Amino acid sequence: MLLPMENDPVAERFSSIAWALDERLRRIVAAGEAKAIGRGGISSVSRSTGVSRRAIHAGLKELQDHPQDPTPRRIRRPGAGRKKISEADPSLMSDLESLVEP
């Protein structure tokens, strides 16, 4: 996380709320700042906040696609994350049961 630069209101605002932002909200807040600035906003916000330009572009697209839509609390798409170990090794449960059974 970047420290706020002197007289940089974007960096100051962002650093004051950064602790509460997950990855989705981080890009949406950065995109909102960039949109408010207008031309050159993406580069400026990226420098001020440390959020990548690619993430800001993604946030702008989210703002454009769902401006009034109340979003669910899911951060990532369903199915993201680690798969169950039993899916990776189908014989695991039978192997464990054979160890437990006398």
# chains A, B, ... in the order shown; residues from 1 in each chain; ligands from 1

call {"tool": "residues_around", "arguments": {"residues": "Lys35 in chain A", "least_positions_apart": "3", "cutoff": "12 Å", "atoms": "only C-alpha atoms", "output": "list in words"}}
result
Arg27, Ile28, Val29, Ala30, Ala31, Gly32, Gly38, Arg39, Gly40, Gly41, Ile42, Ser43, Ser44, Val45, Ile56, His57, Gly59, Leu60, Lys61, Leu63 and Gln64 of chain A

call {"tool": "select_by_dssp", "arguments": {"residues": "chain A", "states": "helix (DSSP H, G or I)", "output": "PyMOL selection string"}}
result
chain A and resi 9-20+23-37+41-49+53-65+85-88+92-100

call {"tool": "residues_around", "arguments": {"residues": "Val10 in chain A", "least_positions_apart": "6", "cutoff": "8 Å", "atoms": "only C-alpha atoms", "output": "JSON, numbers by chain"}}
result
{"A": [33, 45, 48, 49]}

call {"tool": "atom_distance", "arguments": {"atom1": "CA of Ser52 in chain A", "atom2": "CA of Glu23 in chain A"}}
result
11.6 Å

call {"tool": "residues_around", "arguments": {"residues": "Ile17 in chain A", "least_positions_apart": "2", "cutoff": "12 Å", "atoms": "only C-alpha atoms", "output": "PyMOL selection string"}}
result
chain A and resi 1+4+10-15+19-22+25-26+29-30+49

call {"tool": "atom_distance", "arguments": {"atom1": "CA of Gly79 in chain A", "atom2": "CA of Leu92 in chain A"}}
result
21.5 Å

call {"tool": "decode", "arguments": {"residues": "range 14-92 of chain A", "atoms": "C-alpha atoms", "output": "short mmCIF file (atom, residue, chain, number, x, y, z; two decimals), in the first residue's frame"}}
result
data_model
loop_
_atom_site.label_atom_id
_atom_site.label_comp_id
_atom_site.auth_asym_id
_atom_site.auth_seq_id
_atom_site.Cartn_x
_atom_site.Cartn_y
_atom_site.Cartn_z
CA PHE A 14 -7.95 5.85 -0.51
CA SER A 15 -5.43 5.19 2.26
CA SER A 16 -7.97 6.13 4.92
CA ILE A 17 -10.43 3.43 3.78
CA ALA A 18 -8.06 0.86 2.24
CA TRP A 19 -8.18 -1.36 5.33
CA ALA A 20 -11.89 -1.98 4.75
CA LEU A 21 -11.76 -2.73 1.02
CA ASP A 22 -11.74 -6.19 -0.49
CA GLU A 23 -10.33 -6.63 -3.99
CA ARG A 24 -13.66 -5.90 -5.72
CA LEU A 25 -14.37 -2.74 -3.74
CA ARG A 26 -10.77 -1.60 -4.13
CA ARG A 27 -11.08 -1.56 -7.93
CA ILE A 28 -14.57 0.00 -7.82
CA VAL A 29 -13.49 2.82 -5.49
CA ALA A 30 -10.41 3.44 -7.64
CA ALA A 31 -12.58 3.41 -10.77
CA GLY A 32 -15.00 5.89 -9.20
CA GLU A 33 -12.11 8.24 -8.43
CA ALA A 34 -10.76 7.86 -11.98
CA LYS A 35 -14.20 8.53 -13.46
CA ALA A 36 -14.62 11.65 -11.33
CA ILE A 37 -11.23 13.00 -12.46
CA GLY A 38 -11.96 12.41 -16.13
CA ARG A 39 -9.20 12.46 -18.73
CA GLY A 40 -5.97 11.08 -17.27
CA GLY A 41 -7.81 9.84 -14.19
CA ILE A 42 -6.86 6.19 -14.59
CA SER A 43 -3.14 6.93 -14.63
CA SER A 44 -3.41 9.45 -11.83
CA VAL A 45 -5.42 7.14 -9.56
CA SER A 46 -3.13 4.22 -10.33
CA ARG A 47 -0.10 6.24 -9.25
CA SER A 48 -1.87 7.58 -6.14
CA THR A 49 -3.35 4.30 -4.91
CA GLY A 50 -1.13 1.54 -6.25
CA VAL A 51 -4.13 -0.12 -7.92
CA SER A 52 -3.19 -1.36 -11.38
CA ARG A 53 -4.55 0.33 -14.47
CA ARG A 54 -6.00 -3.01 -15.54
CA ALA A 55 -7.95 -3.29 -12.27
CA ILE A 56 -9.24 0.27 -12.66
CA HIS A 57 -10.42 -0.52 -16.20
CA ALA A 58 -12.22 -3.60 -14.84
CA GLY A 59 -13.81 -1.43 -12.14
CA LEU A 60 -14.99 1.09 -14.74
CA LYS A 61 -16.59 -1.72 -16.70
CA GLU A 62 -18.34 -2.97 -13.53
CA LEU A 63 -19.61 0.56 -12.84
CA GLN A 64 -20.89 0.86 -16.39
CA ASP A 65 -22.55 -2.59 -16.43
CA HIS A 66 -24.22 -2.43 -12.99
CA PRO A 67 -24.65 1.18 -11.90
CA GLN A 68 -27.85 0.60 -9.87
CA ASP A 69 -27.68 -3.15 -9.23
CA PRO A 70 -27.32 -4.21 -5.57
CA THR A 71 -24.46 -6.66 -5.75
CA PRO A 72 -24.17 -9.91 -3.82
CA ARG A 73 -21.41 -10.21 -1.22
CA ARG A 74 -19.58 -12.84 -3.28
CA ILE A 75 -16.11 -11.58 -4.16
CA ARG A 76 -15.08 -14.28 -6.61
CA ARG A 77 -17.01 -16.38 -9.06
CA PRO A 78 -18.52 -19.63 -7.74
CA GLY A 79 -16.04 -22.46 -7.96
CA ALA A 80 -13.01 -20.34 -7.15
CA GLY A 81 -10.64 -21.52 -4.49
CA ARG A 82 -9.17 -24.87 -3.60
CA LYS A 83 -10.89 -28.03 -4.68
CA LYS A 84 -11.79 -30.67 -2.12
CA ILE A 85 -8.96 -33.09 -1.46
CA SER A 86 -11.36 -35.99 -2.00
CA GLU A 87 -11.89 -34.78 -5.57
CA ALA A 88 -8.15 -34.81 -6.26
CA ASP A 89 -7.72 -38.29 -4.71
CA PRO A 90 -10.90 -40.39 -5.01
CA SER A 91 -9.38 -43.28 -3.04
CA LEU A 92 -8.62 -41.06 -0.01
#
